[in-house]
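Next comes run-v8.pdb, with PDB, C-alpha atoms.
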ATOM      1  CA  MET A 448      90.121  32.523  16.705
ATOM      2  CA  ALA A 449      89.558  31.558  13.065
ATOM      3  CA  LEU A 450      90.433  27.888  13.548
ATOM      4  CA  PRO A 451      87.880  27.074  16.290
ATOM      5  CA  CYS A 452      85.133  28.834  14.354
ATOM      6  CA  GLY A 453      85.912  26.766  11.271
ATOM      7  CA  ARG A 454      85.758  23.508  13.214
ATOM      8  CA  THR A 455      82.398  24.485  14.723
ATOM      9  CA  ALA A 456      80.934  25.273  11.297
ATOM     10  CA  CYS A 457      82.137  21.908   9.938
ATOM     11  CA  ARG A 458      80.494  20.068  12.812
ATOM     12  CA  LEU A 459      77.181  21.860  12.259
ATOM     13  CA  LEU A 460      77.296  21.072   8.548
ATOM     14  CA  LEU A 461      77.973  17.378   9.181
ATOM     15  CA  ARG A 462      75.074  17.170  11.638
ATOM     16  CA  SER A 463      72.717  18.769   9.119
ATOM     17  CA  TRP A 464      73.721  16.319   6.386
ATOM     18  CA  SER A 465      73.265  13.349   8.715
ATOM     19  CA  ARG A 466      69.818  14.502   9.731
ATOM     20  CA  TYR A 467      68.819  15.089   6.108
ATOM     21  CA  GLY A 468      70.017  11.623   5.138
ATOM     22  CA  ALA A 469      68.025   9.970   7.930
ATOM     23  CA  ALA A 470      64.872  11.898   6.971
ATOM     24  CA  ALA A 471      65.317  10.948   3.330
ATOM     25  CA  SER A 472      65.690   7.279   4.184
ATOM     26  CA  ARG A 473      62.551   7.386   6.356
ATOM     27  CA  LEU A 474      60.585   9.121   3.563
ATOM     28  CA  SER A 475      61.717   6.482   1.069
ATOM     29  CA  ALA A 476      60.643   3.682   3.404
ATOM     30  CA  ALA A 477      57.260   5.351   3.944
ATOM     31  CA  ARG A 478      56.712   5.625   0.184
ATOM     32  CA  GLN A 479      57.532   1.955  -0.320
ATOM     33  CA  TRP A 480      55.175   0.974   2.517
ATOM     34  CA  SER A 481      52.378   3.148   1.086
ATOM     35  CA  ARG A 482      52.767   1.619  -2.386
ATOM     36  CA  GLY A 483      52.667  -1.856  -0.893
ATOM     37  CA  SER A 484      49.563  -1.068   1.184
ATOM     38  CA  LEU A 485      47.746   0.416  -1.812
ATOM     39  CA  HIS A 486      48.558  -2.612  -3.908
ATOM     40  CA  GLN A 487      47.401  -4.962  -1.135
ATOM     41  CA  CYS A 488      44.151  -2.983  -0.629
ATOM     42  CA  HIS A 489      43.490  -3.015  -4.370
ATOM     43  CA  SER A 490      44.040  -6.765  -4.461
ATOM     44  CA  GLN A 491      41.637  -7.326  -1.541
ATOM     45  CA  THR A 492      38.967  -5.099  -3.159
ATOM     46  CA  LYS A 493      39.316  -6.956  -6.416
ATOM     47  CA  THR A 494      38.977 -10.264  -4.600
ATOM     48  CA  LEU A 495      35.852  -9.119  -2.762
ATOM     49  CA  SER A 496      34.250  -7.789  -5.948
ATOM     50  CA  GLU A 497      34.894 -11.053  -7.716
ATOM     51  CA  LYS A 498      33.379 -13.023  -4.823
ATOM     52  CA  ARG A 499      29.591 -12.666  -5.153
ATOM     53  CA  SER A 500      26.881 -13.733  -2.749
ATOM     54  CA  PRO A 501      25.530 -17.235  -3.393
ATOM     55  CA  TRP A 502      21.983 -15.907  -2.836
ATOM     56  CA  SER A 503      19.913 -14.631  -5.725
ATOM     57  CA  LEU A 504      17.661 -11.627  -5.088
ATOM     58  CA  GLY A 505      14.033 -11.093  -6.027
ATOM     59  CA  ALA A 506      11.095  -8.819  -5.231
ATOM     60  CA  ALA A 507       7.422  -9.626  -4.716
ATOM     61  CA  VAL A 508       4.347  -7.412  -4.352
ATOM     62  CA  CYS A 509       1.554  -7.845  -1.828
ATOM     63  CA  LEU A 510      -1.117  -6.156  -3.939
ATOM     64  CA  GLN A 511      -4.373  -5.560  -2.064
ATOM     65  CA  ARG A 512      -7.759  -4.495  -3.343
ATOM     66  CA  LEU A 513      -9.296  -2.548  -0.492
ATOM     67  CA  PRO A 514     -13.019  -2.849   0.363
ATOM     68  CA  VAL A 515     -15.274  -1.060  -2.119
ATOM     69  CA  ILE A 516     -18.408  -0.934   0.066
ATOM     70  CA  SER A 517     -18.925  -0.846   3.814
ATOM     71  CA  ALA A 518     -19.192  -4.144   5.620
ATOM     72  CA  ASP A 519     -22.359  -5.230   7.390
ATOM     73  CA  GLY A 520     -22.217  -4.406  11.080
ATOM     74  CA  ARG A 521     -22.476  -7.023  13.772
ATOM     75  CA  ALA A 522     -25.534  -7.194  16.026
ATOM     76  CA  ILE A 523     -23.979  -5.068  18.766
ATOM     77  CA  GLU A 524     -22.798  -2.513  16.182
ATOM     78  CA  GLN A 525     -26.285  -2.229  14.710
ATOM     79  CA  GLU A 526     -27.786  -1.742  18.178
ATOM     80  CA  PHE A 527     -25.284   0.992  18.981
ATOM     81  CA  GLU A 528     -25.942   2.717  15.647
ATOM     82  CA  ALA A 529     -29.696   2.747  16.334
ATOM     83  CA  LEU A 530     -29.063   4.178  19.822
ATOM     84  CA  VAL A 531     -26.867   6.982  18.478
ATOM     85  CA  GLN A 532     -29.385   7.880  15.784
ATOM     86  CA  GLN A 533     -32.204   8.016  18.370
ATOM     87  CA  MET A 534     -30.125  10.309  20.621
ATOM     88  CA  GLU A 535     -29.285  12.610  17.700
ATOM     89  CA  LEU A 536     -32.955  12.757  16.701
ATOM     90  CA  GLU A 537     -34.092  13.669  20.197
ATOM     91  CA  LYS A 538     -31.456  16.387  20.701
ATOM     92  CA  SER A 539     -31.468  17.881  17.211
ATOM     93  CA  LEU A 540     -33.209  21.109  16.132
ATOM     94  CA  LEU A 541     -35.891  21.294  13.438
ATOM     95  CA  SER A 542     -34.611  21.531   9.890
ATOM     96  CA  ASP A 543     -35.912  23.991   7.279
ATOM     97  CA  HIS A 544     -38.043  21.248   5.763
ATOM     98  CA  GLU A 545     -39.635  20.429   9.122
ATOM     99  CA  LEU A 546     -40.289  24.120   9.787
ATOM    100  CA  GLN A 547     -41.973  24.392   6.396
ATOM    101  CA  LEU A 548     -44.184  21.410   7.264
ATOM    102  CA  LEU A 549     -45.331  23.171  10.427
ATOM    103  CA  GLU A 550     -45.973  26.371   8.507
ATOM    104  CA  ASP A 551     -48.112  24.531   5.927
ATOM    105  CA  ALA A 552     -50.059  22.776   8.659
ATOM    106  CA  GLU A 553     -50.725  26.140  10.346
ATOM    107  CA  ARG A 554     -51.939  27.666   7.055
ATOM    108  CA  LEU A 555     -54.372  24.776   6.506
ATOM    109  CA  ARG A 556     -55.638  25.109  10.066
ATOM    110  CA  ARG A 557     -56.346  28.803   9.505
ATOM    111  CA  LYS A 558     -58.214  28.094   6.258
ATOM    112  CA  GLN A 559     -60.434  25.544   7.976
ATOM    113  CA  SER A 560     -61.248  27.818  10.883
ATOM    114  CA  ASP A 561     -64.510  29.873  11.004
ATOM    115  CA  ASN A 562     -62.776  33.240  11.361
ATOM    116  CA  TYR A 563     -60.422  32.771   8.397
ATOM    117  CA  ASP A 564     -59.492  36.023   6.619
ATOM    118  CA  PRO A 565     -58.433  35.452   2.944
ATOM    119  CA  GLU A 566     -56.633  38.786   2.882
ATOM    120  CA  GLU A 567     -53.910  37.307   5.076
ATOM    121  CA  ASP A 568     -52.738  35.179   2.134
ATOM    122  CA  ASP A 569     -52.908  37.916  -0.534
ATOM    123  CA  ARG A 570     -49.132  37.909  -0.771
ATOM    124  CA  LEU A 571     -49.260  34.273  -2.024
ATOM    125  CA  LYS A 572     -51.859  34.738  -4.756
ATOM    126  CA  ASP A 573     -49.334  35.217  -7.559
ATOM    127  CA  GLN A 574     -47.177  32.252  -6.429
ATOM    128  CA  ASP A 575     -47.584  28.570  -7.157
ATOM    129  CA  ILE A 576     -48.105  27.074  -3.740
ATOM    130  CA  VAL A 577     -46.457  23.648  -3.420
ATOM    131  CA  LEU A 578     -47.086  22.055  -0.088
ATOM    132  CA  THR A 579     -44.206  20.348   1.628
ATOM    133  CA  GLN A 580     -46.313  17.232   1.958
ATOM    134  CA  ASP A 581     -46.670  17.127  -1.833
ATOM    135  CA  LEU A 582     -42.863  17.237  -2.123
ATOM    136  CA  GLU A 583     -42.569  14.343   0.304
ATOM    137  CA  ASP A 584     -45.052  12.298  -1.730
ATOM    138  CA  LEU A 585     -43.016  13.023  -4.888
ATOM    139  CA  TRP A 586     -39.788  12.000  -3.192
ATOM    140  CA  GLU A 587     -41.456   8.841  -1.923
ATOM    141  CA  GLN A 588     -42.410   7.844  -5.473
ATOM    142  CA  LYS A 589     -38.837   8.387  -6.674
ATOM    143  CA  MET A 590     -37.516   6.343  -3.769
ATOM    144  CA  LYS A 591     -39.772   3.429  -4.688
ATOM    145  CA  SER A 592     -38.545   3.456  -8.292
ATOM    146  CA  PHE A 593     -34.880   3.455  -7.211
ATOM    147  CA  GLU A 594     -33.246   0.027  -7.204
ATOM    148  CA  PRO A 595     -29.824  -0.099  -5.472
ATOM    149  CA  ALA A 596     -27.091  -2.363  -6.752
ATOM    150  CA  PRO A 597     -26.883  -5.707  -4.936
ATOM    151  CA  ARG A 598     -24.293  -5.862  -2.177
ATOM    152  CA  VAL A 599     -23.752  -9.592  -2.697
ATOM    153  CA  GLN A 600     -23.513 -11.358  -6.050
ATOM    154  CA  ALA A 601     -23.153 -15.083  -5.513
ATOM    155  CA  SER A 602     -21.964 -15.780  -9.056
ATOM    156  CA  VAL A 603     -19.196 -13.186  -8.763
ATOM    157  CA  ASP A 604     -18.194 -13.907  -5.163
ATOM    158  CA  GLU A 605     -17.613 -17.565  -5.992
ATOM    159  CA  ASP A 606     -15.247 -16.707  -8.874
ATOM    160  CA  PRO A 607     -11.742 -16.276  -7.365
ATOM    161  CA  THR A 608     -10.354 -14.844 -10.618
ATOM    162  CA  SER A 609     -12.628 -11.784 -10.428
ATOM    163  CA  PRO A 610     -11.300  -8.703  -8.606
ATOM    164  CA  ARG A 611     -14.923  -7.554  -8.102
ATOM    165  CA  ARG A 612     -15.770 -10.328  -5.664
ATOM    166  CA  CYS A 613     -16.376  -9.805  -1.935
ATOM    167  CA  LEU A 614     -16.696  -6.026  -2.268
ATOM    168  CA  ALA A 615     -16.952  -5.523   1.488
ATOM    169  CA  GLU A 616     -13.617  -7.257   2.205
ATOM    170  CA  SER A 617      -9.968  -6.803   1.303
ATOM    171  CA  LEU A 618      -8.463  -9.126  -1.351
ATOM    172  CA  VAL A 619      -4.878 -10.147  -2.151
ATOM    173  CA  LEU A 620      -3.548 -11.015  -5.603
ATOM    174  CA  LEU A 621      -1.811 -14.383  -6.124
ATOM    175  CA  THR A 622      -0.290 -15.632  -9.372
ATOM    176  CA  GLU A 623       0.561 -19.144 -10.531
ATOM    177  CA  GLN A 624       4.308 -19.538 -11.119
ATOM    178  CA  GLN A 625       6.898 -22.240 -11.758
ATOM    179  CA  VAL A 626       9.066 -22.998  -8.703
ATOM    180  CA  ASP A 627      11.643 -25.813  -8.885
ATOM    181  CA  GLY A 628       9.804 -27.306 -11.835
ATOM    182  CA  GLU A 629       6.450 -27.301 -10.041
ATOM    183  CA  LYS A 630       3.490 -24.927 -10.198
ATOM    184  CA  ALA A 631       2.840 -22.887  -7.064
ATOM    185  CA  TRP A 632       0.667 -19.951  -6.053
ATOM    186  CA  LEU A 633       2.733 -16.959  -4.914
ATOM    187  CA  LEU A 634       2.590 -13.209  -4.690
ATOM    188  CA  PRO A 635       3.629 -11.620  -8.016
ATOM    189  CA  GLN A 636       7.418 -11.744  -8.039
ATOM    190  CA  THR A 637      10.442 -11.629 -10.348
ATOM    191  CA  ARG A 638      14.232 -11.757 -10.130
ATOM    192  CA  TRP A 639      16.342  -8.651  -9.527
ATOM    193  CA  ARG A 640      18.333  -7.236 -12.433
ATOM    194  CA  GLU A 641      21.694  -5.506 -12.253
ATOM    195  CA  GLY A 642      21.310  -1.724 -12.046
ATOM    196  CA  GLU A 643      17.742  -1.504 -10.692
ATOM    197  CA  THR A 644      16.418  -1.030  -7.175
ATOM    198  CA  LEU A 645      14.258  -3.607  -5.422
ATOM    199  CA  ARG A 646      11.288  -1.213  -5.710
ATOM    200  CA  GLN A 647      11.784  -1.123  -9.500
ATOM    201  CA  THR A 648      11.986  -4.911  -9.528
ATOM    202  CA  ALA A 649       8.670  -5.104  -7.649
ATOM    203  CA  GLU A 650       7.036  -2.706 -10.124
ATOM    204  CA  ARG A 651       8.313  -4.832 -13.002
ATOM    205  CA  ALA A 652       6.789  -7.934 -11.364
ATOM    206  CA  LEU A 653       3.346  -6.373 -11.880
ATOM    207  CA  ALA A 654       4.126  -4.852 -15.270
ATOM    208  CA  VAL A 655       5.000  -8.233 -16.825
ATOM    209  CA  LEU A 656       1.648  -9.799 -15.901
ATOM    210  CA  PRO A 657      -0.209 -10.477 -19.170
ATOM    211  CA  ASP A 658      -3.316  -8.360 -19.838
ATOM    212  CA  ALA A 659      -3.333  -7.065 -16.271
ATOM    213  CA  ASP A 660      -3.314  -3.252 -16.738
ATOM    214  CA  LEU A 661      -3.019  -2.720 -12.989
ATOM    215  CA  LYS A 662      -3.154   0.813 -11.592
ATOM    216  CA  THR A 663      -1.360   0.587  -8.263
ATOM    217  CA  THR A 664      -0.013   2.738  -5.448
ATOM    218  CA  PHE A 665       3.140   1.488  -3.700
ATOM    219  CA  LEU A 666       3.639   2.132   0.012
ATOM    220  CA  GLY A 667       7.213   3.400   0.252
ATOM    221  CA  ASN A 668      10.532   2.244  -1.143
ATOM    222  CA  ALA A 669      11.540  -0.126   1.669
ATOM    223  CA  PRO A 670      10.457  -3.787   1.779
ATOM    224  CA  CYS A 671       8.066  -4.935   4.488
ATOM    225  CA  GLY A 672       9.282  -8.540   4.707
ATOM    226  CA  VAL A 673      11.622 -11.157   3.278
ATOM    227  CA  TYR A 674      11.346 -14.841   2.416
ATOM    228  CA  LYS A 675      14.413 -17.060   2.031
ATOM    229  CA  SER A 676      14.190 -20.252   0.010
ATOM    230  CA  LYS A 677      17.041 -22.716  -0.486
ATOM    231  CA  LEU A 678      17.524 -24.839  -3.572
ATOM    232  CA  PRO A 679      17.349 -28.638  -3.242
ATOM    233  CA  ARG A 680      20.668 -30.079  -2.060
ATOM    234  CA  ALA A 681      21.273 -31.715  -5.421
ATOM    235  CA  LEU A 682      21.096 -28.314  -7.156
ATOM    236  CA  ARG A 683      23.133 -26.249  -4.703
ATOM    237  CA  THR A 684      26.575 -25.020  -5.671
ATOM    238  CA  ASP A 685      29.177 -22.724  -4.143
ATOM    239  CA  THR A 686      27.819 -19.812  -6.204
ATOM    240  CA  SER A 687      24.107 -20.633  -5.972
ATOM    241  CA  VAL A 688      22.420 -21.589  -2.708
ATOM    242  CA  GLY A 689      18.933 -20.125  -3.018
ATOM    243  CA  VAL A 690      16.910 -16.963  -3.419
ATOM    244  CA  LYS A 691      15.875 -14.152  -1.082
ATOM    245  CA  VAL A 692      12.568 -12.496  -1.991
ATOM    246  CA  PHE A 693      11.796  -9.067  -0.543
ATOM    247  CA  PHE A 694       8.128  -8.105  -0.199
ATOM    248  CA  PHE A 695       6.627  -4.716  -1.026
ATOM    249  CA  LYS A 696       3.088  -3.517  -0.295
ATOM    250  CA  ALA A 697       0.786  -1.840  -2.815
ATOM    251  CA  PHE A 698      -2.899  -1.003  -3.188
ATOM    252  CA  LEU A 699      -5.091  -1.266  -6.273
ATOM    253  CA  SER A 700      -5.971   2.343  -7.129
ATOM    254  CA  ASP A 701      -9.218   1.929  -9.081
ATOM    255  CA  GLY A 702     -10.812  -0.852  -7.039
ATOM    256  CA  GLY A 703     -10.267  -3.407  -9.812
ATOM    257  CA  ALA A 704     -12.917  -1.999 -12.129
ATOM    258  CA  ALA A 705     -10.708  -2.270 -15.232
ATOM    259  CA  VAL A 706      -8.865  -5.485 -14.278
ATOM    260  CA  THR A 707      -9.661  -8.486 -16.442
ATOM    261  CA  SER A 708     -10.042 -12.020 -15.104
ATOM    262  CA  ASP A 709      -7.350 -14.596 -15.785
ATOM    263  CA  PRO A 710      -7.117 -18.267 -14.701
ATOM    264  CA  SER A 711      -3.492 -17.771 -13.623
ATOM    265  CA  ARG A 712      -4.450 -15.007 -11.159
ATOM    266  CA  VAL A 713      -6.718 -15.231  -8.131
ATOM    267  CA  TRP A 714      -8.009 -12.580  -5.725
ATOM    268  CA  LEU A 715      -8.371 -14.052  -2.253
ATOM    269  CA  ARG A 716      -9.431 -13.007   1.211
ATOM    270  CA  LYS A 717      -6.901 -13.418   4.001
ATOM    271  CA  ALA A 718      -8.776 -16.449   5.359
ATOM    272  CA  GLU A 719      -8.509 -18.169   1.961
ATOM    273  CA  LEU A 720      -4.726 -17.851   1.576
ATOM    274  CA  GLU A 721      -3.945 -21.035   3.509
ATOM    275  CA  ARG A 722      -5.610 -23.090   0.747
ATOM    276  CA  PHE A 723      -3.129 -21.766  -1.838
ATOM    277  CA  LEU A 724       0.134 -20.815  -0.073
ATOM    278  CA  ARG A 725       2.712 -23.084   1.483
ATOM    279  CA  PRO A 726       2.798 -22.865   5.302
ATOM    280  CA  ASP A 727       6.318 -21.390   5.537
ATOM    281  CA  TYR A 728       5.550 -18.838   2.817
ATOM    282  CA  GLN A 729       2.243 -17.861   4.398
ATOM    283  CA  ALA A 730       3.926 -17.404   7.788
ATOM    284  CA  LYS A 731       6.104 -14.675   6.269
ATOM    285  CA  VAL A 732       3.157 -13.024   4.528
ATOM    286  CA  ASP A 733       0.972 -12.998   7.656
ATOM    287  CA  ARG A 734       3.561 -10.851   9.441
ATOM    288  CA  PHE A 735       2.801  -7.780   7.337
ATOM    289  CA  LEU A 736      -0.606  -8.497   5.776
ATOM    290  CA  LEU A 737      -3.391  -6.482   7.402
ATOM    291  CA  ASP A 738      -7.013  -7.473   6.898
ATOM    292  CA  LEU A 739      -8.249  -3.922   6.274
TER     293      LEU A 739
END

This entry written out as C-alpha cells:
Amino acid sequence: MALPCGRTACRLLLRSWSRYGAAASRLSAARQWSRGSLHQCHSQTKTLSEKRSPWSLGAAVCLQRLPVISADGRAIEQEFEALVQQMELEKSLLSDHELQLLEDAERLRRKQSDNYDPEEDDRLKDQDIVLTQDLEDLWEQKMKSFEPAPRVQASVDEDPTSPRRCLAESLVLLTEQQVDGEKAWLLPQTRWREGETLRQTAERALAVLPDADLKTTFLGNAPCGVYKSKLPRALRTDTSVGVKVFFFKAFLSDGGAAVTSDPSRVWLRKAELERFLRPDYQAKVDRFLLDL
C-alpha cells in the first residue's frame, strides 16, 4: 500500500509545481505589459502637454455705468401716471396735516361767529398758535428758493469722454487700443497670463487703465460671450493662429463720480456703439449687452 500512496503524492506535487510555474509566467507577462502601458501613457501625456493650442487667450470687460436719474416718461406713461395719482387722491384718507387745516378753519369760524365764547380756547392761551396755513406759506417760500440740478447739460452730454453724460441712460466704456498695428476702439481687454483665471485677467484689464480709479462690481466668474479673431494669413503660424477674447460684465459702483476724463476712453450709449466698433465685434457684444 505504500507504493501507490507515494506515486499519488508525487503526481500531486508535480501538478502543483506546474500550476505555480504557469501563474508565475502570467504574472511576469502582466508586469511587463503594465510597465509598457505606463511608459506609453507617460509618453502620450508628455506629447499632449508639449502641444499647445495655437489660439491665444484674452479677457475683456463690458463695463456699464447704470442710469443715475430716472428717464423722462413717454406721453402714454405720463398720462397713466396722472391717472393713477388722481385715483389715489380720490380714494385716500385725510392726512394729519389736512385734518389740522380743517381744525384751524373751524377755530377761525367760531371766532368770527356772534356767539363765540373765548373760554373755549383757554387751554391754548399759554401756547404759541401757529396756523397750518402759515406753515404752508413758509414751505412755499422755501420751495421757490430751491433750485434743482439740471437734468440735461448739453456741454457734458456732448463730451463722450465724460462718464457723467446722459445721466438718464446706460453707458458702456470703450478704450482705444492697438490691433494688428492699427488703432481700434474695443472693450477694455488684455492677454491672459499663466496661472491666473479669466476673471482675474478681466480685472487686470481695468486695473492697468491709466488714471482710471474705477470702482466696479463684476457679475459672476463665468464669461458672458466670446470673440474669435484670426491673424492675417501672412502672420499665421502653426503655433499662432489668432486670439479668443472672453467677455465679462461689470457695473460702475459709484456712478462715475470719481472717474476722470481721458481722450483714450469714451463712454457711449448702446445706439452710439456702431460708430466706434467693427460690425463683427459689435455683433458679439450686442448678444449680451442690455440697455438698462

Run the PyMOL selection byres ((chain A and resi 697) around 7) mentally over the shown coordinates, then write out the matched residues as an MDAnalysis selection string, using the chain letters and numbers from the document. chainID A and resid 508:511 663:666 695:696 698:699

Writer output for current selection, C-alpha atoms, as a PDB file, in the frame of the given file:
ATOM      1  CA  VAL A 508       4.347  -7.412  -4.352  1.00  0.00           C
ATOM      2  CA  CYS A 509       1.554  -7.845  -1.828  1.00  0.00           C
ATOM      3  CA  LEU A 510      -1.117  -6.156  -3.939  1.00  0.00           C
ATOM      4  CA  GLN A 511      -4.373  -5.560  -2.064  1.00  0.00           C
ATOM      5  CA  THR A 663      -1.360   0.587  -8.263  1.00  0.00           C
ATOM      6  CA  THR A 664      -0.013   2.738  -5.448  1.00  0.00           C
ATOM      7  CA  PHE A 665       3.140   1.488  -3.700  1.00  0.00           C
ATOM      8  CA  LEU A 666       3.639   2.132   0.012  1.00  0.00           C
ATOM      9  CA  PHE A 695       6.627  -4.716  -1.026  1.00  0.00           C
ATOM     10  CA  LYS A 696       3.088  -3.517  -0.295  1.00  0.00           C
ATOM     11  CA  PHE A 698      -2.899  -1.003  -3.188  1.00  0.00           C
ATOM     12  CA  LEU A 699      -5.091  -1.266  -6.273  1.00  0.00           C
TER      13      LEU A 699
END

Who sits within 12 Å of A:Glu605, all atoms listed in the file, same chain under 5 positions skipped, as a PyMOL selection string: chain A and resi 599-600+610-613+713-716

Show me, as a PyMOL selection string, the residues that have an atom within 9 Å of A:Leu724 when counting all atoms listed in the file, minus same-chain residues fewer than 4 positions from it. chain A and resi 631-633+720+728-729

For atom CA of A:Leu546 and atom CA of A:Lys589, the interatomic separation in Å (one decimal): 22.8 Å

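Of the listed residues (A:Asp660, A:Asp701, A:Asp627, A:Glu616), A:Glu616 comes nearest to A:Leu737; the distances count only C-alpha atoms.
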
Any idea what's packed within 9 Å of A:Leu645, counting all atoms listed in the file, ignoring anything in its chain fewer than 6 positions away? Could you give it as a list in words? Leu504, Gly505, Ala506, Trp639, Asn668, Ala669, Pro670, Phe693 and Phe695 of chain A

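Proximity to A:Asp551 was assessed for A:Ser500, A:Gln533, A:Thr579, A:Thr684 counting all atoms listed in the file; the smallest distance is recorded for A:Thr579.
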
In Å, with one decimal, what is the gap from atom CA of A:Arg646 to atom CA of A:Leu513? 21.3 Å

Take atom CA of A:Leu585 and atom CA of A:Ser542 and report the distance between them in Å, one decimal. 19.0 Å

Counting all atoms listed in the file, the residue of A:Gln588, A:Gln532, A:Asn562, A:Gln580 that sits nearest A:Leu548: A:Gln580
